[in-house]
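Okay, structure first, notes after.
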Amino acid sequence: MALSSFEKAKSFDALVARVQACRMCPRMEGRRRVLGYANGSPDTQVLFVAEAPGRLGAERDGKPLWGDRAGKNFRSLLKLSGLKRREIFISNAVLCNPQNKDGNNSPPTTREIKNCSRHMKGLINIIKPKVVVTLGRKALQSLNEVSSHEVDLRRDVAKLSRWNKAALVPLYHCGQQAMISRPFDKQKDDYTNMGKMLKPLLKRSA
Ligand code: SF4
């Protein structure tokens, strides 16, 4: 059953409190738990799932895909889809910034994604998104921990499929590393096409 805006806010606040207290991953000790209203409003139709908070982005200011290079790329790409930042919620496969021994960003491990999937499940149960957009393989992997799917990023990029009662659009990540697999110009086309596909699915305010 769909939750009212008030019920969503209450459940979201409780989830945020659980996440702030979470100590499941030893590597994340001392890192910010990136979940709150800076991710977006839980009363939304569109959930974006990226990989992890970045060291120079959300780890600093708590706002996903904002302030670092990936954030700048995302801002330009999102514009092409016609979606506005205030209309979407952005989360990550893991809610803390994984770093290697040199203090650089590193990909989350399978164990960390599994650990954090309980929070992802909680978030999806609250938002009940109409559309889920994944950015990169780790994001697809995290959805698979919530409810299994057969979506393959390379084969299905920017195509619409169904997952867990939502429309699912898998995209590549907007960080510089992922541009090797999917160059920026191709990603621009993906966001433009996604905007056209989603238009009939979403109720939009002016
Ligand atoms: S990544 Fe997720 S599961 Fe791991 S400590 Fe952070 S909030 Fe907890």
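FYI, nothing fancy with the structure tokens labels: chains A, B, ... in order, residues from 1 per chain, ligands from 1 as they appear.
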Mind running chain A against ligand 1 at 6 Å and telling me each contacting residue's nearest atom pair with the distance in Å (one decimal), counting only C-alpha atoms and all ligand atoms, chain and number ascending, as CSV?
```
residue,atom,partner,partner_atom_place_in_ligand_line,distance
A:Val19,CA,ligand 1,7 (S),5.1
A:Cys22,CA,ligand 1,8 (Fe),4.4
A:Arg23,CA,ligand 1,5 (S),4.6
A:Met24,CA,ligand 1,5 (S),4.5
A:Cys25,CA,ligand 1,4 (Fe),4.2
A:Met28,CA,ligand 1,5 (S),5.4
A:Arg33,CA,ligand 1,7 (S),5.7
A:Val94,CA,ligand 1,1 (S),4.4
A:Leu95,CA,ligand 1,1 (S),4.7
A:Cys96,CA,ligand 1,6 (Fe),4.5
A:Glu112,CA,ligand 1,4 (Fe),5.5
A:Asn115,CA,ligand 1,3 (S),4.4
A:Cys116,CA,ligand 1,3 (S),3.7
```
### Message
Residues near Ile127 of chain A, anyone? I mean within 10 Å using only C-alpha atoms, not counting same-chain ones fewer than 6 positions away, as an NGL selection string.
### Response
:A and (2-3 or 5 or 8-9 or 11-12 or 41-47 or 89)
### Residues within 12 Å of Leu56 of chain A, only C-alpha atoms, excluding chain neighbours under 5 positions, as a PyMOL selection string
chain A and resi 61-71+97+99+103-105
### Message
Residues near segment 182-196 of chain A, anyone? I mean within 7 Å using only C-alpha atoms, not counting same-chain ones fewer than 2 positions away, as a list in words.
### Response
Leu77, Leu78, Leu80, Ser81, Gly82, Ala158, Tyr172, Ala178, Met179, Ile180, Leu198 and Lys199 of chain A
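The coordinates place atom CA of Val157 of chain A at 9.6 Å from atom CA of Gly136 of chain A.
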Closest atom pairs, residues of segment 20-97 of chain A within 7 Å of segment 137-152 of chain A, only C-alpha atoms, as CSV:
```
residue,atom,partner,partner_atom,distance
A:Val49,CA,A:Ala139,CA,5.7
A:Ala50,CA,A:Ala139,CA,5.5
A:Glu51,CA,A:Ala139,CA,5.5
A:Asn92,CA,A:Ala139,CA,6.9
A:Ala93,CA,A:Ala139,CA,5.1
```
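Straight-line separation from atom CA of Ile88 of chain A to atom CA of Gly30 of chain A: 27.9 Å.
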